[in-house]
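Chemist: Structure supplied as structure-v1.cif; contents: mmCIF, C-alpha atoms.
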```
data_upload
#
loop_
_atom_site.label_atom_id
_atom_site.label_comp_id
_atom_site.auth_asym_id
_atom_site.auth_seq_id
_atom_site.Cartn_x
_atom_site.Cartn_y
_atom_site.Cartn_z
CA MET O 1 -22.39 6.58 1.82
CA GLN O 2 -23.41 9.97 3.15
CA ILE O 3 -24.81 12.34 0.59
CA THR O 4 -24.63 15.89 1.76
CA GLY O 5 -26.59 18.86 0.52
CA GLU O 6 -29.31 16.65 -0.97
CA PRO O 7 -32.89 16.76 0.20
CA GLU O 8 -33.97 13.46 1.69
CA VAL O 9 -35.88 11.50 -0.91
CA THR O 10 -38.71 9.26 0.14
CA PRO O 11 -38.85 5.68 -1.08
CA THR O 12 -40.84 5.20 -4.23
CA ILE O 13 -42.90 2.14 -3.48
CA ALA O 14 -45.48 1.15 -6.04
CA GLY O 15 -48.49 -0.01 -4.01
CA ASP O 16 -46.50 -2.56 -2.07
CA THR O 17 -47.86 -4.35 0.95
CA ILE O 18 -45.19 -4.58 3.58
CA VAL O 19 -44.67 -8.15 4.66
CA GLY O 20 -41.75 -9.17 6.86
CA THR O 21 -41.27 -12.51 5.17
CA GLU O 22 -41.17 -11.01 1.72
CA GLY O 23 -37.97 -10.69 -0.25
CA LYS O 24 -36.92 -8.77 -3.33
CA TYR O 25 -35.32 -10.72 -6.08
CA ILE O 26 -32.97 -8.25 -7.77
CA TYR O 27 -32.08 -8.64 -11.45
CA CYS O 28 -30.02 -5.55 -12.05
CA VAL O 29 -29.51 -1.89 -11.33
CA ALA O 30 -30.46 0.32 -14.27
CA ASP O 31 -29.48 3.79 -15.36
CA SER O 32 -32.88 5.38 -14.75
CA GLY O 33 -34.85 6.74 -11.82
CA GLU O 34 -38.10 5.63 -13.42
CA THR O 35 -40.54 3.78 -11.15
CA VAL O 36 -42.37 1.52 -13.49
CA GLY O 37 -43.84 -1.95 -13.94
CA LEU O 38 -42.32 -4.05 -16.71
CA GLY O 39 -45.04 -6.70 -16.77
CA LYS O 40 -45.04 -10.37 -15.84
CA ILE O 41 -41.68 -11.03 -17.46
CA GLY O 42 -39.91 -12.33 -14.35
CA ILE O 43 -38.92 -15.74 -13.08
CA ASP O 44 -42.09 -17.86 -12.73
CA GLU O 45 -44.03 -15.07 -14.50
CA ASN O 46 -43.55 -12.68 -11.61
CA GLU O 47 -44.39 -9.03 -12.14
CA VAL O 48 -41.14 -7.12 -12.58
CA TYR O 49 -40.96 -3.51 -11.46
CA THR O 50 -38.40 -0.93 -10.46
CA ILE O 51 -37.44 0.54 -7.12
CA GLY O 52 -36.03 3.96 -7.86
CA TYR O 53 -33.62 6.19 -6.02
CA ARG O 54 -32.70 9.51 -7.64
CA ASP O 55 -31.61 8.59 -11.19
CA ILE O 56 -31.00 4.86 -10.71
CA CYS O 57 -33.30 1.94 -10.00
CA ALA O 58 -33.24 -1.69 -8.97
CA VAL O 59 -35.15 -4.04 -11.26
CA ALA O 60 -36.92 -6.55 -9.03
CA HIS O 61 -39.82 -8.84 -8.30
CA ARG O 62 -41.51 -9.68 -5.00
CA CYS O 63 -40.84 -13.15 -3.74
CA PRO O 64 -40.79 -15.16 -0.54
CA ALA O 65 -37.62 -14.58 1.48
CA GLU O 66 -36.02 -17.81 0.39
CA PRO O 67 -33.80 -18.73 -2.51
CA TYR O 68 -34.96 -20.41 -5.66
CA LYS O 69 -33.80 -23.98 -5.60
CA SER O 70 -34.45 -27.08 -7.61
CA ASP O 71 -32.91 -30.46 -8.28
CA ASP O 72 -33.96 -30.23 -11.87
CA PRO O 73 -31.27 -28.71 -14.11
CA GLU O 74 -33.88 -27.93 -16.75
CA ALA O 75 -35.95 -25.89 -14.31
CA ILE O 76 -32.80 -23.99 -13.37
CA GLU O 77 -31.96 -23.36 -16.98
CA VAL O 78 -35.41 -21.87 -17.49
CA TRP O 79 -34.87 -19.60 -14.46
CA VAL O 80 -31.42 -18.53 -15.56
CA LEU O 81 -32.63 -17.75 -19.07
CA ARG O 82 -35.50 -15.76 -17.61
CA HIS O 83 -33.10 -13.89 -15.32
CA GLN O 84 -31.11 -12.95 -18.39
CA GLN O 85 -34.20 -11.97 -20.40
CA VAL O 86 -35.30 -9.53 -17.72
CA ILE O 87 -31.83 -7.97 -17.67
CA ASP O 88 -31.91 -7.80 -21.48
CA ALA O 89 -35.26 -6.01 -21.34
CA ALA O 90 -33.87 -3.47 -18.86
CA TRP O 91 -30.68 -3.15 -20.89
CA GLU O 92 -32.63 -2.39 -24.03
CA ARG O 93 -34.93 0.07 -22.30
CA TRP O 94 -32.36 2.05 -20.32
CA GLY O 95 -29.12 1.43 -22.17
CA THR O 96 -26.90 0.70 -19.18
CA VAL O 97 -27.36 -1.94 -16.50
CA LEU O 98 -25.35 -3.51 -13.69
CA PRO O 99 -26.41 -7.17 -13.71
CA LEU O 100 -26.64 -9.23 -10.53
CA ALA O 101 -26.03 -12.93 -10.11
CA PHE O 102 -28.94 -15.32 -10.12
CA ASP O 103 -30.75 -15.74 -6.78
CA THR O 104 -29.73 -12.47 -5.18
CA ILE O 105 -32.63 -11.78 -2.84
CA ILE O 106 -32.80 -8.89 -0.44
CA ALA O 107 -34.46 -9.82 2.84
CA ALA O 108 -36.26 -7.87 5.55
CA ARG O 109 -33.84 -7.01 8.37
CA GLU O 110 -34.20 -5.37 11.76
CA GLY O 111 -37.48 -3.61 11.33
CA SER O 112 -37.17 -2.61 7.71
CA ASP O 113 -38.78 -4.63 4.98
CA ALA O 114 -37.07 -5.84 1.84
CA GLU O 115 -38.24 -2.94 -0.29
CA GLN O 116 -36.90 -0.45 2.22
CA ASN O 117 -33.62 -2.38 2.41
CA THR O 118 -33.35 -2.29 -1.36
CA TRP O 119 -33.93 1.41 -1.38
CA ASN O 120 -31.45 1.94 1.47
CA TRP O 121 -28.90 -0.07 -0.44
CA LEU O 122 -29.35 2.10 -3.54
CA ARG O 123 -29.01 5.18 -1.39
CA GLU O 124 -25.93 4.03 0.53
CA GLU O 125 -24.21 2.69 -2.57
CA TYR O 126 -25.36 5.45 -4.87
CA GLN O 127 -21.95 6.94 -5.68
CA ASN O 128 -20.39 3.53 -6.10
CA LEU O 129 -23.22 2.33 -8.37
CA LYS O 130 -23.10 5.52 -10.43
CA GLY O 131 -19.37 5.05 -10.85
CA LYS O 132 -19.89 1.52 -12.12
CA ILE O 133 -22.64 2.67 -14.48
CA GLU O 134 -20.29 5.25 -15.96
CA ARG O 135 -17.57 2.66 -16.42
CA VAL O 136 -19.79 0.34 -18.47
CA ARG O 137 -21.89 2.93 -20.27
CA GLY O 138 -22.20 2.17 -23.97
CA LYS O 139 -20.22 -1.04 -23.56
CA ALA O 140 -20.97 -4.73 -23.64
CA GLU O 141 -19.19 -7.84 -22.50
CA TYR O 142 -17.92 -10.46 -24.92
CA GLY O 143 -16.63 -13.91 -24.11
CA VAL O 144 -13.48 -15.00 -25.95
CA GLN O 145 -12.17 -18.53 -25.60
CA VAL O 146 -9.13 -19.74 -27.46
CA PHE O 147 -8.71 -23.47 -28.08
CA TRP O 148 -5.90 -25.46 -29.57
CA GLU O 149 -5.64 -29.02 -30.82
CA PRO O 150 -2.95 -30.53 -28.57
CA LYS O 151 -2.22 -33.37 -31.00
CA LEU O 152 -1.63 -31.07 -33.90
CA ILE O 153 0.44 -28.64 -31.84
CA ALA O 154 2.56 -31.50 -30.48
CA GLN O 155 3.07 -32.84 -33.97
CA ASN O 156 4.15 -29.46 -35.29
CA LEU O 157 6.54 -28.99 -32.38
CA SER O 158 8.06 -32.43 -32.94
CA GLU O 159 8.73 -31.49 -36.52
CA THR O 160 10.24 -28.09 -35.81
CA SER O 161 12.16 -28.60 -32.56
CA PRO O 162 15.79 -29.65 -33.25
CA GLU O 163 16.08 -31.19 -29.77
CA ILE O 164 13.02 -33.37 -30.25
CA ARG O 165 14.13 -34.43 -33.70
CA GLN O 166 17.54 -35.35 -32.41
CA LEU O 167 16.07 -37.42 -29.59
CA GLU O 168 13.80 -39.21 -32.01
CA GLU O 169 16.75 -40.10 -34.19
CA GLU O 170 18.66 -41.43 -31.21
CA ILE O 171 15.73 -43.60 -30.16
CA SER O 172 15.80 -45.47 -33.43
CA THR O 173 19.39 -46.58 -32.76
CA LYS O 174 18.81 -47.74 -29.17
CA SER O 175 17.97 -51.13 -27.71
CA ARG O 176 14.40 -51.69 -26.57
CA GLY O 177 15.09 -50.93 -22.89
CA LEU O 178 17.02 -47.78 -23.61
CA ALA O 179 14.48 -46.68 -26.19
CA TYR O 180 11.83 -46.78 -23.49
CA MET O 181 13.86 -44.42 -21.32
CA TYR O 182 14.47 -42.15 -24.25
CA ARG O 183 10.77 -42.07 -24.99
CA GLN O 184 10.08 -40.95 -21.41
CA LYS O 185 12.62 -38.22 -21.90
CA LEU O 186 11.01 -37.28 -25.19
CA GLU O 187 7.60 -36.97 -23.56
CA GLY O 188 9.01 -34.69 -20.88
CA LEU O 189 10.69 -32.55 -23.47
CA LEU O 190 7.55 -32.35 -25.55
CA ARG O 191 5.52 -31.36 -22.52
CA ARG O 192 7.93 -28.54 -21.73
CA GLU O 193 7.88 -27.37 -25.33
CA MET O 194 4.06 -27.40 -25.26
CA GLU O 195 4.08 -25.31 -22.11
CA ALA O 196 6.50 -22.82 -23.61
CA GLU O 197 4.41 -22.70 -26.79
CA GLY O 198 1.24 -22.20 -24.72
CA ASP O 199 2.87 -19.36 -22.79
CA SER O 200 4.07 -17.64 -25.88
CA CYS O 201 0.70 -17.99 -27.66
CA PHE O 202 -1.06 -16.71 -24.57
CA LYS O 203 1.10 -13.62 -24.37
CA ASP O 204 0.83 -12.93 -28.08
CA PHE O 205 -2.96 -13.38 -28.28
CA TYR O 206 -3.53 -11.53 -25.02
CA ARG O 207 -1.61 -8.53 -26.30
CA ARG O 208 -3.49 -8.50 -29.60
CA ILE O 209 -6.90 -8.88 -27.98
CA LYS O 210 -6.22 -6.38 -25.21
CA ALA O 211 -5.43 -3.72 -27.78
CA GLN O 212 -9.02 -3.95 -29.04
CA VAL O 213 -10.94 -3.80 -25.77
CA ASP O 214 -11.67 -1.32 -22.99
CA ASP O 215 -11.16 -3.80 -20.20
CA ILE O 216 -10.31 -7.46 -19.90
CA ARG O 217 -10.59 -10.27 -17.35
CA VAL O 218 -8.70 -13.51 -17.50
CA GLU O 219 -10.98 -16.35 -16.44
CA LYS O 220 -10.09 -19.90 -15.52
CA THR O 221 -9.80 -22.23 -18.45
CA LYS O 222 -12.16 -25.18 -18.49
CA THR O 223 -12.36 -28.62 -19.93
CA ARG O 224 -15.66 -29.55 -21.46
CA LYS O 225 -16.74 -32.75 -23.04
CA ALA O 226 -18.35 -30.87 -25.87
CA ASP O 227 -14.96 -29.52 -26.94
CA GLN O 228 -13.84 -32.96 -28.18
CA GLY O 229 -10.10 -33.06 -28.53
CA LEU O 230 -9.75 -29.31 -28.20
CA GLN O 231 -8.13 -27.73 -25.21
CA MET O 232 -9.01 -24.28 -23.94
CA ILE O 233 -5.84 -22.25 -23.48
CA MET O 234 -7.45 -18.87 -22.84
CA ASN O 235 -10.75 -17.78 -21.41
CA LEU O 236 -11.32 -14.03 -21.46
CA SER O 237 -14.13 -11.65 -20.70
CA CYS O 238 -13.79 -8.45 -22.67
CA LEU O 239 -15.52 -5.14 -22.14
CA VAL O 240 -15.94 -3.47 -25.50
CA ALA O 241 -17.60 -0.28 -26.72
CA ARG O 242 -20.73 -1.30 -28.59
CA ASP O 243 -19.44 -0.11 -31.95
CA LYS O 244 -15.96 -1.61 -31.53
CA TYR O 245 -16.70 -5.33 -31.42
CA LEU O 246 -16.09 -5.72 -35.15
CA GLU O 247 -12.44 -4.81 -34.65
CA LEU O 248 -12.16 -7.40 -31.90
CA GLY O 249 -13.84 -9.87 -34.26
CA ARG O 250 -11.19 -9.15 -36.89
CA VAL O 251 -8.33 -9.95 -34.51
CA LEU O 252 -10.09 -13.12 -33.40
CA GLU O 253 -10.55 -14.16 -36.99
CA GLU O 254 -6.78 -13.89 -37.53
CA ILE O 255 -6.16 -16.18 -34.56
CA ASP O 256 -8.91 -18.56 -35.66
CA LYS O 257 -7.15 -18.95 -38.99
CA ILE O 258 -3.89 -20.18 -37.45
CA GLU O 259 -3.57 -23.92 -37.92
CA GLY O 260 -4.49 -25.83 -34.77
CA PHE O 261 -6.29 -22.90 -33.12
CA SER O 262 -9.94 -21.99 -32.90
CA ILE O 263 -11.98 -19.28 -31.24
CA ARG O 264 -15.30 -19.16 -29.50
CA PHE O 265 -16.74 -15.66 -29.50
CA THR O 266 -19.93 -15.01 -27.51
CA GLY O 267 -21.95 -11.95 -26.65
CA PRO O 268 -22.99 -9.24 -26.34
CA TRP O 269 -23.57 -9.95 -22.65
CA PRO O 270 -24.48 -7.41 -20.01
CA PRO O 271 -21.22 -6.57 -18.22
CA TYR O 272 -21.40 -9.37 -15.62
CA SER O 273 -17.63 -9.58 -15.28
CA PHE O 274 -17.04 -5.86 -14.87
CA VAL O 275 -19.41 -4.84 -12.09
CA GLY O 276 -18.02 -6.87 -9.18
CA THR O 277 -15.82 -5.42 -6.50
CA MET Y 1 -15.82 -12.99 -36.92
CA GLU Y 2 -19.23 -12.32 -35.39
CA PRO Y 3 -20.11 -13.08 -31.76
CA THR Y 4 -22.99 -15.41 -30.99
CA ARG Y 5 -25.59 -15.40 -28.27
CA GLU Y 6 -27.76 -18.15 -29.64
CA ALA Y 7 -29.48 -19.47 -26.49
CA ARG Y 8 -28.70 -23.19 -26.77
CA ALA Y 9 -25.13 -22.74 -27.97
CA THR Y 10 -24.20 -20.25 -25.26
CA LEU Y 11 -26.04 -21.63 -22.24
CA VAL Y 12 -22.79 -22.62 -20.52
CA ASP Y 13 -21.36 -19.16 -21.10
CA LEU Y 14 -24.51 -17.65 -19.65
CA LEU Y 15 -24.42 -19.94 -16.60
CA ASP Y 16 -20.78 -19.03 -15.97
CA ARG Y 17 -21.79 -15.42 -15.81
CA VAL Y 18 -25.17 -15.59 -14.12
CA LEU Y 19 -24.07 -17.97 -11.36
CA ASP Y 20 -20.59 -16.65 -10.68
CA LYS Y 21 -20.57 -12.98 -11.43
CA GLY Y 22 -22.46 -9.75 -11.33
CA LEU Y 23 -22.88 -6.94 -8.89
CA VAL Y 24 -22.24 -7.90 -5.28
CA LEU Y 25 -24.49 -6.87 -2.40
CA TYR Y 26 -23.66 -6.64 1.27
CA ALA Y 27 -24.04 -10.10 2.69
CA ASP Y 28 -26.05 -8.79 5.63
CA ILE Y 29 -29.06 -7.73 3.62
CA ILE Y 30 -29.29 -10.69 1.31
CA ILE Y 31 -30.67 -14.07 2.19
CA SER Y 32 -27.92 -16.27 3.50
CA LEU Y 33 -27.37 -19.44 5.44
CA ALA Y 34 -24.70 -19.55 8.14
CA GLY Y 35 -22.95 -16.59 6.58
CA VAL Y 36 -22.76 -18.15 3.15
CA PRO Y 37 -24.79 -16.25 0.59
CA LEU Y 38 -27.16 -18.51 -1.24
CA ILE Y 39 -26.37 -17.06 -4.61
CA GLY Y 40 -26.57 -20.11 -6.76
CA VAL Y 41 -25.45 -22.45 -3.99
CA ASN Y 42 -28.44 -24.73 -4.23
CA LEU Y 43 -28.33 -24.52 -7.96
CA ARG Y 44 -24.76 -25.67 -8.04
CA ALA Y 45 -25.79 -28.90 -6.39
CA ALA Y 46 -28.44 -29.51 -9.02
CA LEU Y 47 -26.12 -28.52 -11.81
CA ALA Y 48 -23.31 -30.70 -10.54
CA GLY Y 49 -23.88 -33.10 -13.39
CA MET Y 50 -23.58 -30.38 -15.95
CA GLU Y 51 -20.46 -29.59 -17.83
CA THR Y 52 -20.15 -26.18 -16.31
CA MET Y 53 -19.55 -27.83 -12.95
CA LEU Y 54 -16.60 -29.91 -14.04
CA GLN Y 55 -14.23 -27.23 -12.91
CA TYR Y 56 -15.41 -27.66 -9.35
CA GLY Y 57 -15.06 -31.41 -9.31
CA VAL Y 58 -16.55 -32.58 -6.07
CA MET Y 59 -19.15 -30.78 -3.98
CA THR Y 60 -16.71 -29.76 -1.27
CA ALA Y 61 -14.67 -27.99 -3.87
CA TRP Y 62 -17.46 -25.68 -4.86
CA ASP Y 63 -18.41 -25.15 -1.27
CA GLU Y 64 -14.88 -23.97 -0.58
CA HIS Y 65 -15.05 -21.86 -3.67
CA ILE Y 66 -18.22 -20.17 -2.44
CA ARG Y 67 -16.78 -19.64 1.01
CA ALA Y 68 -13.60 -18.21 -0.39
CA TRP Y 69 -15.64 -15.96 -2.61
CA GLU Y 70 -17.74 -14.85 0.32
CA HIS Y 71 -14.70 -14.24 2.47
CA GLU Y 72 -13.03 -12.21 -0.24
CA ASN Y 73 -16.21 -10.33 -0.92
CA ARG Y 74 -16.74 -9.45 2.71
CA ARG Y 75 -13.18 -8.35 3.06
CA GLN Y 76 -13.55 -6.04 0.11
CA THR Y 77 -16.93 -4.62 1.07
CA GLU Y 78 -15.54 -3.75 4.48
CA PHE Y 79 -13.18 -1.34 2.84
CA SER Y 80 -16.18 -0.10 0.87
CA ILE Y 81 -14.42 2.02 -1.72
CA ALA Y 82 -13.74 0.01 -4.84
CA PRO Y 83 -10.11 -1.08 -4.56
CA GLU Y 84 -7.72 -0.91 -7.43
CA GLU Y 85 -8.25 -3.84 -9.64
CA ALA Y 86 -6.30 -6.82 -8.40
CA ALA Y 87 -3.63 -8.10 -10.72
CA SER Y 88 -5.25 -10.44 -13.19
CA GLU Y 89 -4.42 -13.99 -12.46
CA ILE Y 90 -3.83 -16.08 -15.46
CA ALA Y 91 -4.39 -19.76 -15.10
CA LEU Y 92 -2.91 -21.28 -18.16
CA SER Y 93 -3.12 -25.01 -18.14
CA VAL Y 94 -1.25 -26.95 -20.71
CA PRO Y 95 -0.43 -30.63 -20.42
CA GLY Y 96 1.59 -31.26 -17.31
CA GLU Y 97 0.32 -29.03 -14.51
CA LYS Y 98 1.76 -25.60 -14.39
CA GLU Y 99 1.75 -22.71 -12.01
CA PRO Y 100 -0.48 -19.85 -13.11
CA ILE Y 101 1.49 -16.97 -14.46
CA ARG Y 102 0.74 -13.35 -13.83
CA VAL Y 103 0.85 -10.58 -16.33
#
```
Once you've parsed the file, please lay out its structure as structure tokens.

Modeler:
Amino acid sequence: MQITGEPEVTPTIAGDTIVGTEGKYIYCVADSGETVGLGKIGIDENEVYTIGYRDICAVAHRCPAEPYKSDDPEAIEVWVLRHQQVIDAAWERWGTVLPLAFDTIIAAREGSDAEQNTWNWLREEYQNLKGKIERVRGKAEYGVQVFWEPKLIAQNLSETSPEIRQLEEEISTKSRGLAYMYRQKLEGLLRREMEAEGDSCFKDFYRRIKAQVDDIRVEKTKTRKADQGLQMIMNLSCLVARDKYLELGRVLEEIDKIEGFSIRFTGPWPPYSFVGT
Amino acid sequence: MEPTREARATLVDLLDRVLDKGLVLYADIIISLAGVPLIGVNLRAALAGMETMLQYGVMTAWDEHIRAWEHENRRQTEFSIAPEEAASEIALSVPGEKEPIRV
């Protein structure tokens, strides 16, 4: 992005040795032009420091120009937690950050080293990054997952749906062979009723939650072993003003109290889901 | 209701975010292999046994996912100015496969 009418700013490099094979692991972009070392708080105890351009900076550490990889899930967990801790530290210090995904490493390219490339990136994307910073200023991300107990929901539907009740009554009067066919029909009907119920709950909850947040993303629902018997019917990322999460919590509590439904409420996270394209 | 960020209890939520999301850089300045950014790619293989990977099923599925992501990302960065937010896609799965609905 071309910035006109601005004096050219020179890169602020803190005593870096320029090595072509060196990369910059980037944790986040922060709302500060400060060029500063944050200590050995990085992945594998790397020294974390900032690369500043005007009033924004990239929070980074020096690393070889290759990705972090491991076959050991525990090692990865440690890295991911450390990635998050560095972002948390920046978040606390400067108030607003744009987090990056794990393992985003800027490489040296065509005669400019990784530090220069990082700085060039900040410069070229400056307006875009500033825009994103403004959009998430004073806000945090919260994860909201809504679960239901399919068995309980199905049971309730069987009791309340006149069609299902009628079918069930008919089954009891049929011969064994016919009863089997009726049961198939009953299962199909129940499945459709569950879908309709799921749709209607989704729309209702979505509307109530959306009213309490600044922005919202609908994520894919997931099945996890740990959720024993519960089924996720909604998975949302919500961007909420820091002082507004209690109101969101109140709405979630209402939903959590409905029989057969439960809520998982996580956060505050840096706004991972609201800084992408 | 209060949100939680207790490290053990929310690790999966953290992984979902740290491996899949965040600010996107131009693919041509980040380390990549055959045009596929290595953001988390190797890690996905190692994490394949973890619950968070269930959604991807087999390895090829996540590879396609990454490629699709990359493709989409490149397409969008080419136009450079942040496009209007795409319509949110809602994947609601209740028993008996269902087409995602859009709101």

Chemist: Output the residue selection produced by the PyMOL selection byres ((chain O and resi 264) around 7) on the file above, formatted as a compact mmCIF listing (two decimals) with C-alpha atoms, keeping the file's coordinate frame.

Modeler:
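Generated file (expr.txt):
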```
# COMPACT_ATOMS: atom_id res chain seq x y z
CA VAL O 144 -13.48 -15.00 -25.95
CA GLN O 145 -12.17 -18.53 -25.60
CA VAL O 146 -9.13 -19.74 -27.46
CA SER O 262 -9.94 -21.99 -32.90
CA ILE O 263 -11.98 -19.28 -31.24
CA PHE O 265 -16.74 -15.66 -29.50
CA THR O 266 -19.93 -15.01 -27.51
```

Chemist: Determine the nearest neighbour of chain Y from the options O:Glu169, O:Asp31, O:Glu92, O:Glu193, counting all atoms listed in the file.

Modeler: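 Of O:Glu169, O:Asp31, O:Glu92, O:Glu193, the one nearest chain Y is O:Glu193, counting all atoms listed in the file.
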
Chemist: In Å to one decimal, how far is CA of Ser273 in chain O from CA of Glu134 in chain O?

Modeler: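 Separating CA of Glu134 in chain O from CA of Ser273 in chain O is a distance of 15.1 Å.
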
Chemist: Quick one: apply the PyMOL selection byres ((chain O and resi 122) around 10) to the file and drop the selected residues here as a PyMOL selection string.

Modeler: chain O and resi 1+29+51-54+56-58+116-121+123-130

Chemist: Do you know which residues the PyMOL selection byres ((chain O and resi 239) around 8) returns on this file, as a PDB file with C-alpha atoms, in the frame of the given file?

Modeler:
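Below is the file that was written, result_20.pdb:
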```pdb
ATOM      1  CA  VAL O 136     -19.790   0.340 -18.470  1.00  0.00           C
ATOM      2  CA  LYS O 139     -20.220  -1.040 -23.560  1.00  0.00           C
ATOM      3  CA  ALA O 140     -20.970  -4.730 -23.640  1.00  0.00           C
ATOM      4  CA  GLU O 141     -19.190  -7.840 -22.500  1.00  0.00           C
ATOM      5  CA  TYR O 142     -17.920 -10.460 -24.920  1.00  0.00           C
ATOM      6  CA  VAL O 213     -10.940  -3.800 -25.770  1.00  0.00           C
ATOM      7  CA  ASP O 214     -11.670  -1.320 -22.990  1.00  0.00           C
ATOM      8  CA  ASP O 215     -11.160  -3.800 -20.200  1.00  0.00           C
ATOM      9  CA  ILE O 216     -10.310  -7.460 -19.900  1.00  0.00           C
ATOM     10  CA  SER O 237     -14.130 -11.650 -20.700  1.00  0.00           C
ATOM     11  CA  CYS O 238     -13.790  -8.450 -22.670  1.00  0.00           C
ATOM     12  CA  VAL O 240     -15.940  -3.470 -25.500  1.00  0.00           C
ATOM     13  CA  ALA O 241     -17.600  -0.280 -26.720  1.00  0.00           C
ATOM     14  CA  PRO O 271     -21.220  -6.570 -18.220  1.00  0.00           C
ATOM     15  CA  PHE O 274     -17.040  -5.860 -14.870  1.00  0.00           C
TER      16      PHE O 274
END
```

Chemist: What gap, in Å, lies between CA of Met194 in chain O and CA of Phe261 in chain O?

Modeler: 13.8 Å

Chemist: Find the residues around Leu15 in chain Y up to 10 Å (only C-alpha atoms counted), leave out those fewer than 3 positions away in its own chain, and share them as a PyMOL selection string.

Modeler: (chain O and resi 76-77+80-81+84+101-102) or (chain Y and resi 10-12+18-21+47+52-53)

Chemist: What is the CA of Ile258 in chain O to CA of Glu163 in chain O distance in Å?

Modeler: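 That distance, rounded to one decimal, is 24.1 Å.
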
Chemist: Which of these residues is nearest to chain Y, using only C-alpha atoms: O:Gly37, O:Gly198, O:Gly177, O:Pro162?

Modeler: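 Closest to chain Y, using only C-alpha atoms: O:Gly198.
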
Chemist: Anything within 10 Å of (-4.3, -2.6, -33.4): list those residues as a PyMOL selection string, counting all atoms listed in the file and sticking to the file's coordinates.

Modeler: chain O and resi 207-212+247-248+251

Chemist: Can you write range 167-183 of chain O from the block above with N, CA and C atoms, as a PDB file, in the first residue's frame?

Modeler:
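Saved result, selection.pdb, follows:
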```pdb
ATOM      1  N   LEU O 167     -48.454 -42.517  15.348  1.00  0.00           N
ATOM      2  CA  LEU O 167     -47.731 -43.643  14.755  1.00  0.00           C
ATOM      3  C   LEU O 167     -47.439 -44.711  15.800  1.00  0.00           C
ATOM      4  N   GLU O 168     -47.036 -44.260  16.970  1.00  0.00           N
ATOM      5  CA  GLU O 168     -46.712 -45.210  18.030  1.00  0.00           C
ATOM      6  C   GLU O 168     -47.932 -46.035  18.424  1.00  0.00           C
ATOM      7  N   GLU O 169     -49.072 -45.369  18.452  1.00  0.00           N
ATOM      8  CA  GLU O 169     -50.305 -46.084  18.787  1.00  0.00           C
ATOM      9  C   GLU O 169     -50.628 -47.124  17.723  1.00  0.00           C
ATOM     10  N   GLU O 170     -50.436 -46.730  16.470  1.00  0.00           N
ATOM     11  CA  GLU O 170     -50.727 -47.656  15.369  1.00  0.00           C
ATOM     12  C   GLU O 170     -49.830 -48.879  15.428  1.00  0.00           C
ATOM     13  N   ILE O 171     -48.558 -48.656  15.786  1.00  0.00           N
ATOM     14  CA  ILE O 171     -47.604 -49.769  15.833  1.00  0.00           C
ATOM     15  C   ILE O 171     -48.108 -50.879  16.758  1.00  0.00           C
ATOM     16  N   SER O 172     -48.642 -50.456  17.888  1.00  0.00           N
ATOM     17  CA  SER O 172     -49.051 -51.453  18.881  1.00  0.00           C
ATOM     18  C   SER O 172     -50.172 -52.368  18.380  1.00  0.00           C
ATOM     19  N   THR O 173     -50.883 -51.915  17.320  1.00  0.00           N
ATOM     20  CA  THR O 173     -51.993 -52.734  16.810  1.00  0.00           C
ATOM     21  C   THR O 173     -51.581 -53.578  15.604  1.00  0.00           C
ATOM     22  N   LYS O 174     -50.319 -53.416  15.146  1.00  0.00           N
ATOM     23  CA  LYS O 174     -49.902 -54.081  13.909  1.00  0.00           C
ATOM     24  C   LYS O 174     -49.222 -55.421  14.178  1.00  0.00           C
ATOM     25  N   SER O 175     -49.220 -56.233  13.124  1.00  0.00           N
ATOM     26  CA  SER O 175     -48.483 -57.503  13.184  1.00  0.00           C
ATOM     27  C   SER O 175     -46.992 -57.197  13.248  1.00  0.00           C
ATOM     28  N   ARG O 176     -46.181 -58.205  13.556  1.00  0.00           N
ATOM     29  CA  ARG O 176     -44.758 -57.987  13.737  1.00  0.00           C
ATOM     30  C   ARG O 176     -44.094 -57.377  12.500  1.00  0.00           C
ATOM     31  N   GLY O 177     -44.401 -57.941  11.320  1.00  0.00           N
ATOM     32  CA  GLY O 177     -43.802 -57.462  10.071  1.00  0.00           C
ATOM     33  C   GLY O 177     -44.178 -56.019   9.789  1.00  0.00           C
ATOM     34  N   LEU O 178     -45.421 -55.720   9.917  1.00  0.00           N
ATOM     35  CA  LEU O 178     -45.892 -54.358   9.675  1.00  0.00           C
ATOM     36  C   LEU O 178     -45.339 -53.393  10.712  1.00  0.00           C
ATOM     37  N   ALA O 179     -45.235 -53.868  11.942  1.00  0.00           N
ATOM     38  CA  ALA O 179     -44.723 -53.015  13.015  1.00  0.00           C
ATOM     39  C   ALA O 179     -43.300 -52.579  12.712  1.00  0.00           C
ATOM     40  N   TYR O 180     -42.555 -53.494  12.099  1.00  0.00           N
ATOM     41  CA  TYR O 180     -41.172 -53.163  11.730  1.00  0.00           C
ATOM     42  C   TYR O 180     -41.153 -51.989  10.750  1.00  0.00           C
ATOM     43  N   MET O 181     -42.027 -52.089   9.731  1.00  0.00           N
ATOM     44  CA  MET O 181     -42.092 -51.008   8.745  1.00  0.00           C
ATOM     45  C   MET O 181     -42.547 -49.694   9.374  1.00  0.00           C
ATOM     46  N   TYR O 182     -43.466 -49.810  10.279  1.00  0.00           N
ATOM     47  CA  TYR O 182     -43.932 -48.606  10.962  1.00  0.00           C
ATOM     48  C   TYR O 182     -42.838 -47.976  11.809  1.00  0.00           C
ATOM     49  N   ARG O 183     -42.008 -48.869  12.384  1.00  0.00           N
ATOM     50  CA  ARG O 183     -40.921 -48.338  13.212  1.00  0.00           C
ATOM     51  C   ARG O 183     -39.908 -47.576  12.358  1.00  0.00           C
TER      52      ARG O 183
END
```
